[in-house]
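Student: To be precise about what I am sending: the file is called data22.txt and holds compact mmCIF, C-alpha atoms.
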# COMPACT_ATOMS: atom_id res chain seq x y z
CA MET A 1 0.00 0.00 0.00
CA GLY A 2 1.55 3.26 -1.13
CA CYS A 3 1.74 6.41 0.94
CA SER A 4 -1.02 8.21 -0.97
CA LEU A 5 -3.32 5.22 -0.69
CA ALA A 6 -2.68 4.94 3.03
CA THR A 7 -3.42 8.65 3.41
CA SER A 8 -6.59 8.22 1.39
CA LEU A 9 -7.74 5.39 3.64
CA VAL A 10 -7.00 7.43 6.75
CA ASP A 11 -9.00 10.34 5.30
CA ARG A 12 -11.97 8.05 4.71
CA ILE A 13 -11.78 6.68 8.25
CA LYS A 14 -11.84 10.24 9.61
CA LYS A 15 -14.65 11.27 7.25
CA ILE A 16 -16.89 8.37 8.26
CA LYS A 17 -16.20 8.85 11.94
CA ARG A 18 -17.04 12.57 11.81
CA LYS A 19 -20.03 12.30 9.48
CA HIS A 20 -21.73 9.07 10.52
CA HIS A 21 -20.40 8.13 13.97
CA PRO A 22 -20.73 4.36 13.46
CA GLU A 23 -19.98 2.04 16.33
CA LEU A 24 -18.27 -0.35 13.93
CA LEU A 25 -16.27 0.59 10.85
CA PHE A 26 -15.33 -2.32 8.61
CA VAL A 27 -12.44 -2.05 6.19
CA GLU A 28 -12.24 -4.45 3.26
CA PRO A 29 -8.89 -3.82 1.58
CA SER A 30 -7.77 -5.20 -1.75
CA GLU A 31 -6.28 -8.67 -1.77
CA MET A 32 -2.77 -7.24 -2.10
CA VAL A 33 -2.75 -5.48 1.28
CA VAL A 34 -0.90 -7.15 4.16
CA THR A 35 -1.71 -6.82 7.84
CA GLN A 36 1.33 -4.72 8.71
CA GLU A 37 0.13 -2.07 6.28
CA LEU A 38 -3.29 -2.02 7.91
CA GLN A 39 -1.69 -1.69 11.33
CA ASN A 40 0.29 1.29 10.06
CA VAL A 41 -2.79 2.97 8.58
CA ALA A 42 -4.82 2.38 11.74
CA ALA A 43 -2.04 3.96 13.78
CA MET A 44 -1.82 6.96 11.42
CA GLY A 45 -5.50 7.77 11.82
CA HIS A 46 -5.17 7.47 15.56
CA ARG A 47 -3.12 10.65 15.65
CA ASP A 48 -6.18 12.75 14.86
CA ILE A 49 -9.24 10.88 16.06
CA ARG A 50 -9.89 8.25 18.69
CA TYR A 51 -11.10 4.76 17.90
CA GLN A 52 -10.54 1.19 18.96
CA ILE A 53 -8.51 -0.98 16.60
CA GLY A 54 -9.25 -4.59 15.89
CA PRO A 55 -9.75 -7.34 15.48
CA LEU A 56 -7.65 -7.44 12.31
CA ILE A 57 -9.10 -10.55 10.69
CA THR A 58 -7.42 -12.56 7.94
CA LEU A 59 -9.41 -15.06 5.92
CA VAL A 60 -7.69 -18.01 4.28
CA ASP A 61 -9.74 -19.69 1.57
CA ALA A 62 -9.76 -23.36 2.52
CA ALA A 63 -11.33 -24.44 -0.74
CA ARG A 64 -8.42 -23.09 -2.81
CA PHE A 65 -5.70 -23.42 -0.20
CA ASP A 66 -3.33 -25.80 -1.99
CA PHE A 67 -3.20 -23.70 -5.15
CA MET A 68 -2.96 -20.37 -3.31
CA TRP A 69 -0.30 -21.65 -0.91
CA ALA A 70 1.78 -22.76 -3.86
CA GLU A 71 1.30 -19.57 -5.86
CA ARG A 72 0.92 -16.77 -3.31
CA GLN A 73 2.49 -17.98 -0.11
CA GLN A 74 4.35 -14.74 0.68
CA LEU A 75 1.21 -12.65 0.31
CA MET A 76 -0.75 -15.05 2.49
CA LEU A 77 1.96 -15.01 5.14
CA GLY A 78 1.95 -11.21 5.04
CA GLN A 79 -1.77 -11.23 5.72
CA ILE A 80 -1.53 -13.85 8.44
CA LYS A 81 1.40 -12.25 10.27
CA GLY A 82 0.14 -9.78 12.85
CA ALA A 83 -3.53 -10.68 12.41
CA ASP A 84 -5.57 -10.84 15.60
CA LEU A 85 -7.69 -13.61 14.18
CA VAL A 86 -7.10 -16.02 11.31
CA ALA A 87 -10.04 -17.96 9.95
CA LEU A 88 -10.20 -20.72 7.38
CA SER A 89 -13.15 -19.75 5.22
CA ARG A 90 -15.32 -21.91 2.96
CA VAL A 91 -14.41 -25.03 4.91
CA ASP A 92 -17.67 -26.57 3.74
CA ARG A 93 -16.22 -26.65 0.21
CA LEU A 94 -13.09 -28.62 1.09
CA GLU A 95 -12.84 -31.75 -1.01
CA ASP A 96 -9.40 -33.33 -1.10
CA SER A 97 -8.01 -32.28 2.26
CA SER A 98 -9.24 -31.56 5.75
CA PRO A 99 -9.11 -28.35 7.81
CA ASP A 100 -6.58 -30.09 10.04
CA ASP A 101 -4.21 -30.55 7.10
CA ILE A 102 -4.29 -26.80 6.48
CA ARG A 103 -4.04 -25.97 10.16
CA GLN A 104 -0.90 -28.06 10.39
CA ILE A 105 0.69 -26.10 7.55
CA LEU A 106 -0.31 -22.75 9.04
CA ARG A 107 0.42 -23.59 12.67
CA PRO A 108 4.04 -22.29 12.59
CA HIS A 109 2.75 -18.93 11.35
CA CYS A 110 -0.19 -18.18 13.65
CA ASN A 111 -1.47 -19.24 17.03
CA GLY A 112 -5.09 -20.17 16.54
CA ILE A 113 -7.13 -20.74 13.42
CA HIS A 114 -10.92 -20.51 13.39
CA LEU A 115 -13.08 -22.42 10.96
CA LEU A 116 -15.69 -20.40 9.09
CA SER A 117 -18.59 -21.56 6.98
CA VAL A 118 -21.59 -19.48 5.97
CA HIS A 119 -23.70 -22.57 6.55
CA ASP A 120 -22.63 -22.85 10.18
CA ASP A 121 -23.86 -20.10 12.49
CA ALA A 122 -21.69 -21.42 15.32
CA SER A 123 -18.56 -20.71 13.31
CA LEU A 124 -19.65 -17.08 12.84
CA GLU A 125 -20.42 -16.77 16.54
CA LYS A 126 -16.83 -17.67 17.37
CA ILE A 127 -15.69 -14.69 15.33
CA VAL A 128 -18.38 -12.45 16.83
CA LYS A 129 -16.95 -13.19 20.26
CA ASN A 130 -13.85 -11.25 19.24
CA VAL A 131 -15.86 -8.06 18.68
CA PRO A 132 -16.80 -6.61 22.09
CA GLU A 133 -19.66 -4.49 20.70
CA LEU A 134 -21.37 -7.59 19.35
CA ASN A 135 -21.16 -9.60 22.53
CA THR A 136 -24.47 -9.56 24.34
CA VAL A 137 -23.58 -12.00 27.09
CA MET B 138 -15.90 3.57 17.09
CA ARG B 139 -14.13 0.30 16.50
CA LEU B 140 -12.13 -0.35 13.34
CA ILE B 141 -12.34 -3.94 12.08
CA CYS B 142 -10.29 -5.00 9.05
CA VAL B 143 -10.98 -8.15 7.07
CA SER B 144 -8.12 -9.20 4.79
CA GLY B 145 -7.76 -12.09 2.42
CA ILE B 146 -7.20 -13.09 -1.16
CA LYS B 147 -10.00 -12.44 -3.64
CA GLY B 148 -12.80 -14.93 -3.20
CA SER B 149 -11.93 -15.75 0.40
CA GLY B 150 -15.25 -14.41 1.68
CA LYS B 151 -14.33 -10.97 3.03
CA THR B 152 -17.57 -9.33 1.92
CA THR B 153 -19.67 -12.25 3.09
CA LEU B 154 -18.14 -12.11 6.57
CA ILE B 155 -18.45 -8.33 6.81
CA LYS B 156 -22.10 -8.48 5.75
CA ALA B 157 -22.81 -11.11 8.39
CA LEU B 158 -21.15 -8.98 11.08
CA ILE B 159 -23.04 -5.88 9.93
CA ARG B 160 -26.35 -7.79 10.14
CA LYS B 161 -25.40 -8.94 13.63
CA ALA B 162 -24.60 -5.34 14.62
CA ALA B 163 -27.91 -4.14 13.17
CA GLU B 164 -29.78 -6.68 15.28
CA LEU B 165 -28.22 -5.01 18.30
CA ASP B 166 -28.98 -1.48 16.98
CA LYS B 167 -25.28 -0.79 16.53
CA PRO B 168 -24.65 1.33 13.43
CA SER B 169 -21.90 0.22 11.05
CA ALA B 170 -20.07 1.65 8.06
CA VAL B 171 -17.76 0.16 5.44
CA ILE B 172 -14.69 1.22 3.52
CA VAL B 173 -14.14 -1.11 0.60
CA ASN B 174 -11.66 -1.22 -2.24
CA GLU B 175 -13.28 -0.59 -5.59
CA SER B 176 -12.43 -4.04 -6.90
CA GLY B 177 -14.33 -5.71 -4.08
CA GLU B 178 -15.10 -9.33 -4.72
CA GLU B 179 -18.82 -8.90 -4.21
CA ALA B 180 -20.85 -5.71 -4.35
CA TYR B 181 -22.57 -4.21 -1.36
CA ASP B 182 -25.87 -4.12 -3.19
CA ASP B 183 -28.28 -1.24 -2.92
CA ALA B 184 -30.89 -3.26 -1.04
CA PHE B 185 -28.37 -4.21 1.63
CA ILE B 186 -27.09 -0.64 1.92
CA ASN B 187 -30.56 0.89 2.03
CA ASP B 188 -32.08 -1.66 4.40
CA LEU B 189 -29.34 -1.11 6.93
CA LYS B 190 -28.74 2.60 6.16
CA LEU B 191 -25.13 1.66 5.68
CA PRO B 192 -22.56 4.35 4.83
CA VAL B 193 -20.13 2.93 2.25
CA GLU B 194 -16.92 4.60 1.12
CA TYR B 195 -14.94 3.25 -1.81
CA LEU B 196 -11.18 3.25 -1.94
CA ARG B 197 -9.52 3.25 -5.33
CA GLY B 198 -6.70 0.74 -5.60
CA GLY B 199 -6.54 -0.21 -1.98
Rewrite the structure of this file - the entire thing - as structure tokens.

Tutor:
Amino acid sequence: MGCSLATSLVDRIKKIKRKHHPELLFVEPSEMVVTQELQNVAAMGHRDIRYQIGPLITLVDAARFDFMWAERQQLMLGQIKGADLVALSRVDRLEDSSPDDIRQILRPHCNGIHLLSVHDDASLEKIVKNVPELNTV
Amino acid sequence: MRLICVSGIKGSGKTTLIKALIRKAAELDKPSAVIVNESGEEAYDDAFINDLKLPVEYLRGG
């Protein structure tokens, strides 16, 4: 993420905070952005306005893991490194391997890995637990 | 305000997860907003935006 793009993102964070006052602001960056860059941007914006940061969530597509790990491993590692939460997405579409196979490969690079499937509400709830504003218990 | 970032390679389900979290927040009357790169994998459609009165900002290239 270049300097001008980072500045642009910070400007949008400030604009939304001042104009709309949301309790939650979600950022969906392009696939090329790594977590360290997001940490830097979040810290930049913090100089001018106050907000809580995180969780920084990284999704790893389980269904295409083998291909992506072979082709784009450095990018994936850049997104995993520093993430507060790593989730294996689309686990319901896994065919030739199991989530545990992928977890074993990723284990040296992150502490815990959630499983996420849109067909399993319980898997979403585990992610929700990491967002204090969404915890009702 | 809490800033939540969802990263991942295209097709990994970033938009789907964010939408699910926004719906969850709406159920609790917690307003949300989104900043999304313009090449987002799945559009935040008008119905979703309007139903939830969701502010959306687009980021070119990021």

Student: Any idea what the distance is between CA of Ser8 (chain A) and CA of Ile159 (chain B)?

Tutor: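 Rounded to one decimal, the two atoms are 23.3 Å apart.
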
Student: As a PyMOL selection string, please: the residues near Lys151 (chain B) (cut-off 12 Å, only C-alpha atoms, same-chain neighbours under 5 positions excluded).

Tutor: (chain A and resi 26-31+56-61+87-90+116+118) or (chain B and resi 141-146+156-158+171+173-174+177-181)

Student: For Leu75 (chain A), which of A:Val91, A:Val34, A:Ile53, A:Leu115 is the closest residue, counting all atoms listed in the file?

Tutor: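 Answer, going by the shortest atom-to-atom distance: A:Val34.
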
Student: Taking all listed atoms of region 167-177 of chain B, build the axis-aligned box, pad each of the six sides by 4 Å, then write its centre and edge lengths in Å to one decimal as lines of an AutoDock Vina configuration file.

Tutor:
center_x = -18.5
center_y = -2.0
center_z = 4.8
size_x = 21.6
size_y = 15.4
size_z = 31.4

Student: Taking into account all atoms listed in the file, which residue in the set A:Asp66, A:Glu23, A:Ser97, A:Ile80 is nearest to Ser169 (chain B)?

Tutor: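 The answer is A:Glu23, which sits nearest to Ser169 (chain B).
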
Student: At a cut-off of 8 Å, using all atoms listed in the file, what residues contact Pro22 (chain A)? Leave out same-chain residues fewer than 5 positions from it and give the result as a count of residues only.

Tutor: 7

Student: List as a list in words the protein and nucleic acid residues near Leu106 (chain A), meaning an atom at most 12 Å away when all atoms listed in the file are counted, but skip any in the same chain fewer than 4 places from it.

Tutor: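 Residues near the query, excluding close chain neighbours: Val60, Ala62, Phe65, Asp66, Trp69, Gln73, Met76, Leu77, Ile80, Lys81, Val86, Ala87, Leu88, Pro99, Asp100, Asp101, Ile102, Cys110, Asn111, Gly112, Ile113 and His114 of chain A.
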
Student: Would you compute the distance between CA of Arg139 (chain B) and CA of Gly54 (chain A)? Give it in Å to one decimal.

Tutor: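 CA of Gly54 (chain A) lies at a distance of 6.9 Å from CA of Arg139 (chain B).
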
Student: Identify which of the residues A:Asn130, A:Thr35, A:Thr7, A:Thr136 lies closest to Arg197 (chain B), counting all atoms listed in the file when measuring atom-to-atom distances.

Tutor: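 Going through A:Asn130, A:Thr35, A:Thr7, A:Thr136 one by one, the smallest distance to Arg197 (chain B) is for A:Thr7.
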
Student: Do you have the CA of Pro108 (chain A)-CA of Leu38 (chain A) distance handy?

Tutor: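 If I compute the distance from CA of Pro108 (chain A) to CA of Leu38 (chain A), I get 22.1 Å.
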
Student: Counting all atoms listed in the file, which of B:Thr152, B:Asp188, B:Leu140, B:Lys161 gets nearest to Lys129 (chain A)?

Tutor: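 Closest residue, counting all atoms listed in the file: B:Lys161.
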
Student: Since the input has fewer atoms than a full residue there, write region 123-134 of chain A out with all heavy atoms, as an mmCIF file, in the frame of the given file.

Tutor:
data_model
loop_
_atom_site.group_PDB
_atom_site.id
_atom_site.type_symbol
_atom_site.label_atom_id
_atom_site.label_comp_id
_atom_site.auth_asym_id
_atom_site.auth_seq_id
_atom_site.Cartn_x
_atom_site.Cartn_y
_atom_site.Cartn_z
ATOM 1 N N SER A 123 -19.892 -21.155 13.708
ATOM 2 C CA SER A 123 -18.560 -20.710 13.310
ATOM 3 C C SER A 123 -18.494 -19.188 13.249
ATOM 4 O O SER A 123 -17.474 -18.582 13.574
ATOM 5 C CB SER A 123 -18.165 -21.324 11.966
ATOM 6 O OG SER A 123 -18.933 -20.801 10.899
ATOM 7 N N LEU A 124 -19.599 -18.547 12.849
ATOM 8 C CA LEU A 124 -19.650 -17.080 12.840
ATOM 9 C C LEU A 124 -19.644 -16.551 14.271
ATOM 10 O O LEU A 124 -18.988 -15.544 14.577
ATOM 11 C CB LEU A 124 -20.897 -16.605 12.102
ATOM 12 C CG LEU A 124 -21.091 -15.091 12.057
ATOM 13 C CD1 LEU A 124 -19.945 -14.409 11.301
ATOM 14 C CD2 LEU A 124 -22.430 -14.730 11.430
ATOM 15 N N GLU A 125 -20.357 -17.228 15.149
ATOM 16 C CA GLU A 125 -20.420 -16.770 16.540
ATOM 17 C C GLU A 125 -19.043 -16.731 17.193
ATOM 18 O O GLU A 125 -18.756 -15.872 18.021
ATOM 19 C CB GLU A 125 -21.364 -17.665 17.356
ATOM 20 C CG GLU A 125 -22.835 -17.436 17.056
ATOM 21 C CD GLU A 125 -23.266 -15.984 17.290
ATOM 22 O OE1 GLU A 125 -22.852 -15.397 18.298
ATOM 23 O OE2 GLU A 125 -23.997 -15.449 16.442
ATOM 24 N N LYS A 126 -18.181 -17.653 16.796
ATOM 25 C CA LYS A 126 -16.830 -17.670 17.370
ATOM 26 C C LYS A 126 -16.058 -16.414 16.953
ATOM 27 O O LYS A 126 -15.216 -15.911 17.696
ATOM 28 C CB LYS A 126 -16.089 -18.928 16.931
ATOM 29 C CG LYS A 126 -16.598 -20.167 17.656
ATOM 30 C CD LYS A 126 -15.865 -21.417 17.211
ATOM 31 C CE LYS A 126 -16.438 -22.639 17.923
ATOM 32 N NZ LYS A 126 -15.936 -23.902 17.370
ATOM 33 N N ILE A 127 -16.332 -15.923 15.772
ATOM 34 C CA ILE A 127 -15.690 -14.690 15.330
ATOM 35 C C ILE A 127 -16.339 -13.489 16.015
ATOM 36 O O ILE A 127 -15.652 -12.554 16.445
ATOM 37 C CB ILE A 127 -15.749 -14.580 13.795
ATOM 38 C CG1 ILE A 127 -14.824 -15.655 13.211
ATOM 39 C CG2 ILE A 127 -15.356 -13.185 13.309
ATOM 40 C CD1 ILE A 127 -14.743 -15.708 11.724
ATOM 41 N N VAL A 128 -17.649 -13.529 16.152
ATOM 42 C CA VAL A 128 -18.380 -12.450 16.830
ATOM 43 C C VAL A 128 -17.847 -12.231 18.242
ATOM 44 O O VAL A 128 -17.779 -11.098 18.729
ATOM 45 C CB VAL A 128 -19.885 -12.767 16.841
ATOM 46 C CG1 VAL A 128 -20.627 -11.889 17.838
ATOM 47 C CG2 VAL A 128 -20.479 -12.601 15.441
ATOM 48 N N LYS A 129 -17.452 -13.307 18.889
ATOM 49 C CA LYS A 129 -16.950 -13.190 20.260
ATOM 50 C C LYS A 129 -15.720 -12.304 20.364
ATOM 51 O O LYS A 129 -15.371 -11.821 21.436
ATOM 52 C CB LYS A 129 -16.606 -14.584 20.813
ATOM 53 C CG LYS A 129 -17.820 -15.367 21.258
ATOM 54 C CD LYS A 129 -17.411 -16.716 21.826
ATOM 55 C CE LYS A 129 -18.662 -17.492 22.221
ATOM 56 N NZ LYS A 129 -18.338 -18.886 22.599
ATOM 57 N N ASN A 130 -15.049 -12.092 19.246
ATOM 58 C CA ASN A 130 -13.850 -11.250 19.240
ATOM 59 C C ASN A 130 -14.167 -9.780 19.004
ATOM 60 O O ASN A 130 -13.251 -8.965 18.912
ATOM 61 C CB ASN A 130 -12.877 -11.751 18.165
ATOM 62 C CG ASN A 130 -12.255 -13.083 18.535
ATOM 63 O OD1 ASN A 130 -11.243 -13.132 19.203
ATOM 64 N ND2 ASN A 130 -12.887 -14.171 18.112
ATOM 65 N N VAL A 131 -15.443 -9.457 18.869
ATOM 66 C CA VAL A 131 -15.860 -8.060 18.680
ATOM 67 C C VAL A 131 -16.683 -7.664 19.911
ATOM 68 O O VAL A 131 -17.851 -8.054 20.028
ATOM 69 C CB VAL A 131 -16.710 -7.898 17.400
ATOM 70 C CG1 VAL A 131 -17.088 -6.433 17.212
ATOM 71 C CG2 VAL A 131 -15.963 -8.430 16.185
ATOM 72 N N PRO A 132 -16.103 -6.905 20.821
ATOM 73 C CA PRO A 132 -16.800 -6.610 22.090
ATOM 74 C C PRO A 132 -18.184 -6.021 21.901
ATOM 75 O O PRO A 132 -19.113 -6.361 22.647
ATOM 76 C CB PRO A 132 -15.853 -5.605 22.763
ATOM 77 C CG PRO A 132 -14.506 -5.894 22.196
ATOM 78 C CD PRO A 132 -14.753 -6.331 20.788
ATOM 79 N N GLU A 133 -18.367 -5.151 20.904
ATOM 80 C CA GLU A 133 -19.660 -4.490 20.700
ATOM 81 C C GLU A 133 -20.758 -5.472 20.296
ATOM 82 O O GLU A 133 -21.944 -5.153 20.403
ATOM 83 C CB GLU A 133 -19.540 -3.398 19.620
ATOM 84 C CG GLU A 133 -18.776 -2.161 20.050
ATOM 85 C CD GLU A 133 -17.262 -2.358 20.019
ATOM 86 O OE1 GLU A 133 -16.813 -3.461 19.622
ATOM 87 O OE2 GLU A 133 -16.533 -1.431 20.397
ATOM 88 N N LEU A 134 -20.376 -6.629 19.816
ATOM 89 C CA LEU A 134 -21.370 -7.590 19.350
ATOM 90 C C LEU A 134 -21.642 -8.689 20.382
ATOM 91 O O LEU A 134 -22.457 -9.577 20.142
ATOM 92 C CB LEU A 134 -20.922 -8.237 18.028
ATOM 93 C CG LEU A 134 -20.728 -7.275 16.854
ATOM 94 C CD1 LEU A 134 -20.363 -8.048 15.594
ATOM 95 C CD2 LEU A 134 -21.959 -6.427 16.624
#
